[in-house]
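Working notes, structure below.
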There are 2 protein chains.
Amino acid sequence: MRFGMLSKSLFEGKKLYGNLGDYPFTAESLFRIGLALCAYLAIKGEEKPTLGVNVLDFATMSLAVGFMAGGGDVVVGEGNISVIHREEENALIFEGLEEIDLKKIESILFSRYNIPKKRGKEVGRLWIQEKKP
Amino acid sequence: MRFGMLSKSLFEGKKLYGNLGDYPFTAESLFRIGLALCAYLAIKGEEKPTLGVNVLDFATMSLAVGFMAGGGDVVVGEGNISVIHREEENALIFEGLEEIDLKKIESILFSRYNIPKKRGKEVGRLWIQEKKP
(Lines give C-alpha, C1' and ligand atoms only; values in the text may rest on other atoms or scores of the structure.)
Protein backbone atom coordinates (compact mmCIF):
# COMPACT_ATOMS: atom_id res chain seq x y z
CA MET A 1 0.00 0.00 0.00
CA ARG A 2 1.17 3.46 -0.84
CA PHE A 3 1.61 6.26 1.69
CA GLY A 4 -0.76 8.97 0.57
CA MET A 5 -0.75 11.42 -2.30
CA LEU A 6 2.56 13.04 -1.54
CA SER A 7 4.62 9.96 -2.14
CA LYS A 8 2.50 8.65 -5.00
CA SER A 9 4.09 9.42 -8.31
CA LEU A 10 2.06 9.80 -11.46
CA PHE A 11 4.36 7.72 -13.62
CA GLU A 12 5.38 4.18 -12.81
CA GLY A 13 8.78 4.01 -14.42
CA LYS A 14 8.12 5.19 -17.94
CA LYS A 15 4.49 4.19 -17.88
CA LEU A 16 1.28 5.92 -17.04
CA TYR A 17 -1.62 3.66 -16.17
CA GLY A 18 -5.29 4.44 -16.25
CA ASN A 19 -8.78 3.65 -17.34
CA LEU A 20 -10.08 5.85 -20.17
CA GLY A 21 -12.06 8.73 -18.75
CA ASP A 22 -10.75 8.29 -15.19
CA TYR A 23 -7.83 10.27 -13.79
CA PRO A 24 -5.11 10.37 -15.05
CA PHE A 25 -6.67 9.22 -18.33
CA THR A 26 -9.13 12.10 -18.58
CA ALA A 27 -8.83 14.47 -21.52
CA GLU A 28 -7.97 17.30 -19.12
CA SER A 29 -5.13 15.57 -17.30
CA LEU A 30 -3.65 14.05 -20.47
CA PHE A 31 -3.80 17.50 -22.03
CA ARG A 32 -1.81 18.90 -19.12
CA ILE A 33 0.73 16.08 -19.33
CA GLY A 34 1.20 16.73 -23.06
CA LEU A 35 1.63 20.43 -22.39
CA ALA A 36 4.15 19.80 -19.58
CA LEU A 37 6.08 17.34 -21.77
CA CYS A 38 6.36 19.95 -24.51
CA ALA A 39 7.42 22.65 -22.03
CA TYR A 40 10.05 20.33 -20.58
CA LEU A 41 11.54 19.59 -24.00
CA ALA A 42 11.58 23.32 -24.78
CA ILE A 43 13.37 24.02 -21.48
CA LYS A 44 15.90 21.32 -22.41
CA GLY A 45 16.60 23.29 -25.56
CA GLU A 46 14.55 21.68 -28.28
CA GLU A 47 13.50 24.41 -30.63
CA LYS A 48 10.53 22.57 -32.09
CA PRO A 49 9.73 19.59 -29.88
CA THR A 50 8.23 16.66 -31.76
CA LEU A 51 6.28 13.78 -30.29
CA GLY A 52 5.52 10.47 -31.98
CA VAL A 53 2.36 8.54 -31.16
CA ASN A 54 1.70 4.96 -32.25
CA VAL A 55 -2.00 5.47 -32.82
CA LEU A 56 -4.61 8.22 -32.73
CA ASP A 57 -7.24 7.59 -30.10
CA PHE A 58 -8.81 9.41 -27.17
CA ALA A 59 -5.74 9.05 -24.94
CA THR A 60 -3.05 9.97 -27.47
CA MET A 61 -5.15 12.76 -28.99
CA SER A 62 -5.73 14.34 -25.59
CA LEU A 63 -1.99 14.25 -24.97
CA ALA A 64 -1.26 15.47 -28.52
CA VAL A 65 -3.56 18.47 -28.18
CA GLY A 66 -1.69 19.53 -25.03
CA PHE A 67 1.65 19.05 -26.75
CA MET A 68 0.48 21.14 -29.71
CA ALA A 69 -0.89 23.82 -27.39
CA GLY A 70 2.68 24.11 -26.10
CA GLY A 71 3.95 24.57 -29.65
CA GLY A 72 5.19 21.05 -30.38
CA ASP A 73 4.44 19.00 -33.47
CA VAL A 74 2.98 15.52 -33.28
CA VAL A 75 3.67 12.75 -35.77
CA VAL A 76 1.81 9.49 -36.09
CA GLY A 77 4.72 7.09 -36.16
CA GLU A 78 8.07 7.11 -34.45
CA GLY A 79 9.68 10.21 -33.03
CA ASN A 80 12.76 10.83 -30.91
CA ILE A 81 10.24 10.86 -28.14
CA SER A 82 7.20 8.68 -28.54
CA VAL A 83 4.14 7.76 -26.60
CA ILE A 84 2.84 4.26 -27.19
CA HIS A 85 -0.70 3.52 -26.14
CA ARG A 86 -1.04 -0.14 -25.21
CA GLU A 87 -4.77 -0.35 -24.74
CA GLU A 88 -4.77 -3.95 -23.53
CA GLU A 89 -2.43 -2.87 -20.73
CA ASN A 90 -4.26 0.42 -20.01
CA ALA A 91 -0.86 2.04 -20.32
CA LEU A 92 0.82 4.92 -22.06
CA ILE A 93 4.53 4.22 -22.45
CA PHE A 94 6.92 7.14 -22.78
CA GLU A 95 9.87 6.21 -25.00
CA GLY A 96 13.01 8.26 -25.54
CA LEU A 97 12.88 9.71 -22.04
CA GLU A 98 14.61 8.63 -18.84
CA GLU A 99 12.73 8.14 -15.61
CA ILE A 100 14.39 11.28 -14.29
CA ASP A 101 12.88 13.23 -17.19
CA LEU A 102 9.43 12.00 -16.25
CA LYS A 103 10.03 13.01 -12.64
CA LYS A 104 10.91 16.50 -13.85
CA ILE A 105 7.80 16.62 -16.04
CA GLU A 106 5.79 15.59 -13.03
CA SER A 107 7.29 18.40 -11.00
CA ILE A 108 6.32 20.88 -13.73
CA LEU A 109 2.80 19.46 -13.64
CA PHE A 110 2.36 19.80 -9.91
CA SER A 111 4.16 23.09 -9.50
CA ARG A 112 2.48 26.44 -9.73
CA TYR A 113 4.42 27.12 -12.90
CA ASN A 114 2.00 28.49 -15.47
CA ILE A 115 2.99 26.54 -18.56
CA PRO A 116 3.06 28.87 -21.56
CA LYS A 117 0.73 28.13 -24.47
CA LYS A 118 1.22 29.16 -28.06
CA ARG A 119 -1.10 31.10 -30.34
CA GLY A 120 -1.79 31.26 -34.04
CA LYS A 121 0.86 29.79 -36.30
CA GLU A 122 2.98 28.82 -33.28
CA VAL A 123 0.49 26.17 -32.23
CA GLY A 124 1.83 22.72 -33.16
CA ARG A 125 0.70 20.62 -36.10
CA LEU A 126 -0.15 16.99 -36.62
CA TRP A 127 1.70 14.99 -39.24
CA ILE A 128 0.35 11.65 -40.32
CA GLN A 129 3.07 9.60 -41.93
CA GLU A 130 3.44 5.98 -42.92
CA LYS A 131 4.47 3.90 -39.96
CA LYS A 132 7.97 2.60 -40.15
CA PRO A 133 8.11 -1.23 -40.17
CA MET B 1 -21.13 47.06 -32.30
CA ARG B 2 -22.52 44.32 -30.13
CA PHE B 3 -24.27 44.86 -26.82
CA GLY B 4 -22.13 43.08 -24.28
CA MET B 5 -21.57 39.44 -23.46
CA LEU B 6 -25.20 38.52 -22.89
CA SER B 7 -26.29 39.20 -26.42
CA LYS B 8 -23.10 37.97 -28.04
CA SER B 9 -23.57 34.50 -29.39
CA LEU B 10 -20.69 32.09 -29.75
CA PHE B 11 -21.64 30.92 -33.22
CA GLU B 12 -22.15 33.23 -36.15
CA GLY B 13 -24.72 31.30 -38.13
CA LYS B 14 -23.13 27.90 -38.47
CA LYS B 15 -19.61 29.18 -38.05
CA LEU B 16 -17.30 29.61 -35.14
CA TYR B 17 -14.48 32.08 -35.67
CA GLY B 18 -11.24 32.33 -33.81
CA ASN B 19 -7.50 32.51 -33.74
CA LEU B 20 -5.78 29.27 -32.71
CA GLY B 21 -5.01 29.35 -29.01
CA ASP B 22 -7.33 32.29 -28.26
CA TYR B 23 -10.88 31.87 -27.00
CA PRO B 24 -12.98 30.22 -28.39
CA PHE B 25 -10.20 28.39 -30.26
CA THR B 26 -8.42 27.17 -27.14
CA ALA B 27 -8.16 23.43 -26.56
CA GLU B 28 -10.33 23.80 -23.45
CA SER B 29 -13.22 25.65 -25.05
CA LEU B 30 -13.21 23.52 -28.21
CA PHE B 31 -13.20 20.46 -25.96
CA ARG B 32 -16.30 21.77 -24.21
CA ILE B 33 -18.01 22.56 -27.52
CA GLY B 34 -17.31 19.01 -28.77
CA LEU B 35 -18.65 17.58 -25.54
CA ALA B 36 -21.80 19.74 -25.68
CA LEU B 37 -22.35 18.82 -29.34
CA CYS B 38 -22.19 15.12 -28.47
CA ALA B 39 -24.53 15.58 -25.49
CA TYR B 40 -26.99 17.49 -27.67
CA LEU B 41 -27.06 14.72 -30.30
CA ALA B 42 -27.57 12.13 -27.56
CA ILE B 43 -30.47 14.16 -26.14
CA LYS B 44 -31.94 14.29 -29.66
CA GLY B 45 -31.94 10.50 -29.62
CA GLU B 46 -28.79 9.47 -31.46
CA GLU B 47 -27.57 6.31 -29.85
CA LYS B 48 -23.97 6.64 -31.02
CA PRO B 49 -23.39 10.17 -32.27
CA THR B 50 -20.80 10.43 -35.02
CA LEU B 51 -18.93 13.52 -36.11
CA GLY B 52 -17.01 13.97 -39.34
CA VAL B 53 -14.00 16.29 -39.51
CA ASN B 54 -12.31 17.36 -42.74
CA VAL B 55 -8.82 17.35 -41.31
CA LEU B 56 -6.99 16.52 -38.09
CA ASP B 57 -5.36 19.55 -36.58
CA PHE B 58 -5.27 21.35 -33.25
CA ALA B 59 -8.77 22.79 -33.61
CA THR B 60 -10.57 19.69 -34.86
CA MET B 61 -8.66 17.38 -32.50
CA SER B 62 -9.61 19.51 -29.50
CA LEU B 63 -13.24 19.33 -30.57
CA ALA B 64 -12.94 15.61 -31.36
CA VAL B 65 -11.54 14.78 -27.93
CA GLY B 66 -14.53 16.49 -26.30
CA PHE B 67 -16.92 14.65 -28.60
CA MET B 68 -15.24 11.33 -27.77
CA ALA B 69 -15.33 12.14 -24.04
CA GLY B 70 -19.09 12.36 -24.45
CA GLY B 71 -19.13 8.92 -26.06
CA GLY B 72 -19.35 9.89 -29.73
CA ASP B 73 -17.20 8.54 -32.53
CA VAL B 74 -15.22 10.78 -34.85
CA VAL B 75 -14.45 10.00 -38.48
CA VAL B 76 -11.98 11.79 -40.69
CA GLY B 77 -14.18 12.40 -43.72
CA GLU B 78 -17.84 13.16 -44.09
CA GLY B 79 -20.42 12.41 -41.43
CA ASN B 80 -24.10 13.25 -41.04
CA ILE B 81 -22.73 16.04 -38.96
CA SER B 82 -19.37 17.45 -39.90
CA VAL B 83 -17.02 20.13 -38.77
CA ILE B 84 -14.96 21.71 -41.50
CA HIS B 85 -11.89 23.67 -40.45
CA ARG B 86 -11.18 26.40 -42.97
CA GLU B 87 -7.88 27.64 -41.68
CA GLU B 88 -7.57 30.51 -44.15
CA GLU B 89 -10.89 31.82 -42.82
CA ASN B 90 -10.10 31.09 -39.15
CA ALA B 91 -13.45 29.31 -39.09
CA LEU B 92 -14.96 26.04 -38.01
CA ILE B 93 -18.11 25.35 -40.04
CA PHE B 94 -20.77 23.09 -38.57
CA GLU B 95 -22.55 21.14 -41.31
CA GLY B 96 -25.66 19.02 -40.92
CA LEU B 97 -27.01 21.20 -38.12
CA GLU B 98 -29.47 24.08 -38.22
CA GLU B 99 -28.74 27.40 -36.57
CA ILE B 100 -31.36 26.54 -33.94
CA ASP B 101 -29.35 23.42 -33.07
CA LEU B 102 -26.25 25.51 -32.51
CA LYS B 103 -28.23 27.88 -30.29
CA LYS B 104 -29.32 24.90 -28.22
CA ILE B 105 -25.75 23.61 -28.02
CA GLU B 106 -24.71 27.06 -26.88
CA SER B 107 -27.35 26.99 -24.17
CA ILE B 108 -26.01 23.62 -22.97
CA LEU B 109 -22.52 25.13 -22.90
CA PHE B 110 -23.45 28.13 -20.84
CA SER B 111 -25.91 26.41 -18.54
CA ARG B 112 -24.94 24.83 -15.26
CA TYR B 113 -25.78 21.45 -16.74
CA ASN B 114 -22.95 19.08 -15.92
CA ILE B 115 -22.42 17.33 -19.23
CA PRO B 116 -21.93 13.60 -18.63
CA LYS B 117 -18.64 12.02 -19.71
CA LYS B 118 -18.09 8.40 -20.61
CA ARG B 119 -15.55 5.96 -19.21
CA GLY B 120 -13.69 2.91 -20.45
CA LYS B 121 -15.07 1.29 -23.58
CA GLU B 122 -17.86 3.87 -23.78
CA VAL B 123 -15.39 6.62 -24.68
CA GLY B 124 -15.62 7.37 -28.40
CA ARG B 125 -13.19 6.24 -31.06
CA LEU B 126 -11.50 7.85 -34.03
CA TRP B 127 -11.92 6.34 -37.47
CA ILE B 128 -9.63 7.42 -40.26
CA GLN B 129 -11.19 6.59 -43.60
CA GLU B 130 -10.51 7.56 -47.17
CA LYS B 131 -12.09 10.88 -47.96
CA LYS B 132 -14.99 10.69 -50.35
CA PRO B 133 -14.36 12.63 -53.56
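Going by the C-alpha coordinates order, chains are called A, B, ..., each with residues numbered from 1, while ligands are numbered from 1 in the order shown.
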Could you list, with a cut-off of 12 Å and counting only C-alpha atoms, the residues of chain A near chain B, each shown with its nearest atom pair and the distance in Å rounded to one decimal, rows sorted by chain and ascending number, as CSV?
residue,atom,partner,partner_atom,distance
A:Gly18,CA,B:Gly120,CA,9.5
A:Asn19,CA,B:Gly120,CA,5.9
A:Leu20,CA,B:Gly120,CA,4.7
A:Gly21,CA,B:Arg119,CA,4.5
A:Asp22,CA,B:Arg119,CA,6.7
A:Tyr23,CA,B:Arg119,CA,10.4
A:Phe25,CA,B:Arg119,CA,9.5
A:Thr26,CA,B:Ala69,CA,8.3
A:Ala27,CA,B:Val65,CA,7.0
A:Glu28,CA,B:Glu28,CA,8.2
A:Ser29,CA,B:Glu28,CA,11.5
A:Leu30,CA,B:Val65,CA,10.9
A:Phe31,CA,B:Ala27,CA,8.6
A:Arg32,CA,B:Glu28,CA,10.7
A:Leu35,CA,B:Ala27,CA,11.1
A:Val55,CA,B:Leu126,CA,9.9
A:Leu56,CA,B:Leu126,CA,7.0
A:Asp57,CA,B:Leu126,CA,5.8
A:Phe58,CA,B:Val65,CA,6.1
A:Ala59,CA,B:Val65,CA,8.7
A:Thr60,CA,B:Val65,CA,9.8
A:Met61,CA,B:Met61,CA,6.8
A:Ser62,CA,B:Val65,CA,6.3
A:Leu63,CA,B:Val65,CA,10.0
A:Ala64,CA,B:Phe58,CA,8.5
A:Val65,CA,B:Phe58,CA,6.1
A:Gly66,CA,B:Ala27,CA,7.7
A:Phe67,CA,B:Phe58,CA,9.8
A:Met68,CA,B:Phe58,CA,6.7
A:Ala69,CA,B:Gly21,CA,7.1
A:Gly70,CA,B:Gly21,CA,9.7
A:Gly71,CA,B:Gly21,CA,10.2
A:Gly72,CA,B:Phe58,CA,10.8
A:Asp73,CA,B:Phe58,CA,10.0
A:Val74,CA,B:Asp57,CA,9.8
A:Val75,CA,B:Asp57,CA,11.3
A:Val76,CA,B:Leu56,CA,11.4
A:Glu87,CA,B:Gly120,CA,10.4
A:Glu88,CA,B:Lys121,CA,11.5
A:Asn90,CA,B:Gly120,CA,9.8
A:Pro116,CA,B:Gly21,CA,11.0
A:Lys117,CA,B:Gly21,CA,7.4
A:Lys118,CA,B:Gly21,CA,6.3
A:Arg119,CA,B:Gly21,CA,4.5
A:Gly120,CA,B:Leu20,CA,4.7
A:Lys121,CA,B:Leu20,CA,7.6
A:Glu122,CA,B:Leu20,CA,8.8
A:Val123,CA,B:Leu20,CA,7.0
A:Gly124,CA,B:Phe58,CA,7.2
A:Arg125,CA,B:Asp57,CA,6.2
A:Leu126,CA,B:Asp57,CA,5.8
A:Trp127,CA,B:Asp57,CA,8.8
A:Ile128,CA,B:Leu56,CA,9.1
Just the strand (DSSP E or B) stuff from region 84-114 of chain A, please, per backbone DSSP, written as a ChimeraX atom specification.
/A:84-86,91-95
Hey, what's within 12 Å of Ile43 (chain B) if we count only C-alpha atoms and toss same-chain stuff fewer than 5 positions away? As a ChimeraX atom specification, please?
/B:36-38,48-49,70,101,104-105,108,115-116
Please, could you write that set of residues out with all heavy atoms as a PDB file, in the first residue's frame?
ATOM      1  N   ALA B  36     -20.413  19.256 -25.646  1.00  0.00           N
ATOM      2  CA  ALA B  36     -21.800  19.743 -25.680  1.00  0.00           C
ATOM      3  C   ALA B  36     -22.505  19.284 -26.957  1.00  0.00           C
ATOM      4  O   ALA B  36     -23.682  18.922 -26.932  1.00  0.00           O
ATOM      5  CB  ALA B  36     -21.830  21.269 -25.585  1.00  0.00           C
ATOM      6  N   LEU B  37     -21.788  19.284 -28.065  1.00  0.00           N
ATOM      7  CA  LEU B  37     -22.346  18.818 -29.336  1.00  0.00           C
ATOM      8  C   LEU B  37     -22.753  17.349 -29.218  1.00  0.00           C
ATOM      9  O   LEU B  37     -23.856  16.960 -29.626  1.00  0.00           O
ATOM     10  CB  LEU B  37     -21.307  19.017 -30.455  1.00  0.00           C
ATOM     11  CG  LEU B  37     -21.617  18.437 -31.833  1.00  0.00           C
ATOM     12  CD1 LEU B  37     -22.931  18.974 -32.385  1.00  0.00           C
ATOM     13  CD2 LEU B  37     -20.472  18.755 -32.804  1.00  0.00           C
ATOM     14  N   CYS B  38     -21.886  16.546 -28.635  1.00  0.00           N
ATOM     15  CA  CYS B  38     -22.189  15.124 -28.465  1.00  0.00           C
ATOM     16  C   CYS B  38     -23.399  14.942 -27.545  1.00  0.00           C
ATOM     17  O   CYS B  38     -24.311  14.166 -27.852  1.00  0.00           O
ATOM     18  CB  CYS B  38     -20.972  14.401 -27.911  1.00  0.00           C
ATOM     19  SG  CYS B  38     -21.221  12.635 -27.769  1.00  0.00           S
ATOM     20  N   LYS B  48     -25.433   6.503 -30.958  1.00  0.00           N
ATOM     21  CA  LYS B  48     -23.973   6.641 -31.024  1.00  0.00           C
ATOM     22  C   LYS B  48     -23.662   7.803 -31.961  1.00  0.00           C
ATOM     23  O   LYS B  48     -23.480   7.604 -33.170  1.00  0.00           O
ATOM     24  CB  LYS B  48     -23.356   5.332 -31.552  1.00  0.00           C
ATOM     25  CG  LYS B  48     -21.840   5.299 -31.479  1.00  0.00           C
ATOM     26  CD  LYS B  48     -21.343   5.195 -30.045  1.00  0.00           C
ATOM     27  CE  LYS B  48     -19.827   5.042 -29.975  1.00  0.00           C
ATOM     28  NZ  LYS B  48     -19.357   5.047 -28.571  1.00  0.00           N
ATOM     29  N   PRO B  49     -23.649   9.013 -31.413  1.00  0.00           N
ATOM     30  CA  PRO B  49     -23.389  10.172 -32.266  1.00  0.00           C
ATOM     31  C   PRO B  49     -22.043  10.037 -32.990  1.00  0.00           C
ATOM     32  O   PRO B  49     -21.087   9.488 -32.432  1.00  0.00           O
ATOM     33  CB  PRO B  49     -23.348  11.343 -31.273  1.00  0.00           C
ATOM     34  CG  PRO B  49     -24.089  10.868 -30.075  1.00  0.00           C
ATOM     35  CD  PRO B  49     -23.824   9.395 -30.007  1.00  0.00           C
ATOM     36  N   GLY B  70     -17.650  12.510 -24.614  1.00  0.00           N
ATOM     37  CA  GLY B  70     -19.090  12.358 -24.454  1.00  0.00           C
ATOM     38  C   GLY B  70     -19.621  11.034 -24.978  1.00  0.00           C
ATOM     39  O   GLY B  70     -20.808  10.755 -24.870  1.00  0.00           O
ATOM     40  N   ASP B 101     -30.096  24.447 -33.796  1.00  0.00           N
ATOM     41  CA  ASP B 101     -29.347  23.419 -33.073  1.00  0.00           C
ATOM     42  C   ASP B 101     -28.134  24.038 -32.377  1.00  0.00           C
ATOM     43  O   ASP B 101     -27.829  23.718 -31.225  1.00  0.00           O
ATOM     44  CB  ASP B 101     -28.859  22.333 -34.046  1.00  0.00           C
ATOM     45  CG  ASP B 101     -29.992  21.557 -34.698  1.00  0.00           C
ATOM     46  OD1 ASP B 101     -30.912  21.141 -33.979  1.00  0.00           O
ATOM     47  OD2 ASP B 101     -29.950  21.355 -35.933  1.00  0.00           O
ATOM     48  N   LYS B 104     -29.053  25.810 -29.337  1.00  0.00           N
ATOM     49  CA  LYS B 104     -29.324  24.900 -28.223  1.00  0.00           C
ATOM     50  C   LYS B 104     -28.025  24.355 -27.634  1.00  0.00           C
ATOM     51  O   LYS B 104     -27.905  24.181 -26.417  1.00  0.00           O
ATOM     52  CB  LYS B 104     -30.230  23.757 -28.700  1.00  0.00           C
ATOM     53  CG  LYS B 104     -31.669  24.204 -28.937  1.00  0.00           C
ATOM     54  CD  LYS B 104     -32.528  23.058 -29.452  1.00  0.00           C
ATOM     55  CE  LYS B 104     -33.952  23.541 -29.779  1.00  0.00           C
ATOM     56  NZ  LYS B 104     -34.708  22.483 -30.498  1.00  0.00           N
ATOM     57  N   ILE B 105     -27.066  24.075 -28.498  1.00  0.00           N
ATOM     58  CA  ILE B 105     -25.751  23.609 -28.020  1.00  0.00           C
ATOM     59  C   ILE B 105     -25.101  24.708 -27.167  1.00  0.00           C
ATOM     60  O   ILE B 105     -24.527  24.439 -26.115  1.00  0.00           O
ATOM     61  CB  ILE B 105     -24.867  23.216 -29.217  1.00  0.00           C
ATOM     62  CG1 ILE B 105     -25.414  21.926 -29.852  1.00  0.00           C
ATOM     63  CG2 ILE B 105     -23.403  23.046 -28.804  1.00  0.00           C
ATOM     64  CD1 ILE B 105     -24.914  21.654 -31.243  1.00  0.00           C
ATOM     65  N   ILE B 108     -26.584  24.700 -23.796  1.00  0.00           N
ATOM     66  CA  ILE B 108     -26.012  23.620 -22.966  1.00  0.00           C
ATOM     67  C   ILE B 108     -24.659  24.076 -22.412  1.00  0.00           C
ATOM     68  O   ILE B 108     -24.357  23.920 -21.229  1.00  0.00           O
ATOM     69  CB  ILE B 108     -25.823  22.316 -23.785  1.00  0.00           C
ATOM     70  CG1 ILE B 108     -27.190  21.704 -24.151  1.00  0.00           C
ATOM     71  CG2 ILE B 108     -24.977  21.294 -23.011  1.00  0.00           C
ATOM     72  CD1 ILE B 108     -27.103  20.490 -25.068  1.00  0.00           C
ATOM     73  N   ILE B 115     -22.331  18.241 -18.098  1.00  0.00           N
ATOM     74  CA  ILE B 115     -22.423  17.325 -19.233  1.00  0.00           C
ATOM     75  C   ILE B 115     -21.761  15.994 -18.876  1.00  0.00           C
ATOM     76  O   ILE B 115     -20.604  15.972 -18.444  1.00  0.00           O
ATOM     77  CB  ILE B 115     -21.749  17.938 -20.480  1.00  0.00           C
ATOM     78  CG1 ILE B 115     -22.346  19.329 -20.764  1.00  0.00           C
ATOM     79  CG2 ILE B 115     -21.922  17.022 -21.688  1.00  0.00           C
ATOM     80  CD1 ILE B 115     -21.645  20.071 -21.885  1.00  0.00           C
ATOM     81  N   PRO B 116     -22.502  14.898 -19.025  1.00  0.00           N
ATOM     82  CA  PRO B 116     -21.932  13.601 -18.629  1.00  0.00           C
ATOM     83  C   PRO B 116     -20.786  13.181 -19.549  1.00  0.00           C
ATOM     84  O   PRO B 116     -20.806  13.429 -20.752  1.00  0.00           O
ATOM     85  CB  PRO B 116     -23.106  12.633 -18.747  1.00  0.00           C
ATOM     86  CG  PRO B 116     -24.095  13.291 -19.655  1.00  0.00           C
ATOM     87  CD  PRO B 116     -23.875  14.770 -19.534  1.00  0.00           C
TER      88      PRO B 116
END
Asn80 (chain A) surroundings by only C-alpha atoms, 8 Å radius, close-in-sequence under 3 positions cut, as a PyMOL selection string:
chain A and resi 50-52+96
As an NGL selection string, please: all residues of region 27-105 of chain B that backbone DSSP puts in helix (DSSP H, G or I).
:B and (27-43 or 58-69 or 87-89 or 99-105)
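Note that the spacing between CA of Glu95 (chain B) and CA of Lys14 (chain B) amounts to 7.4 Å.
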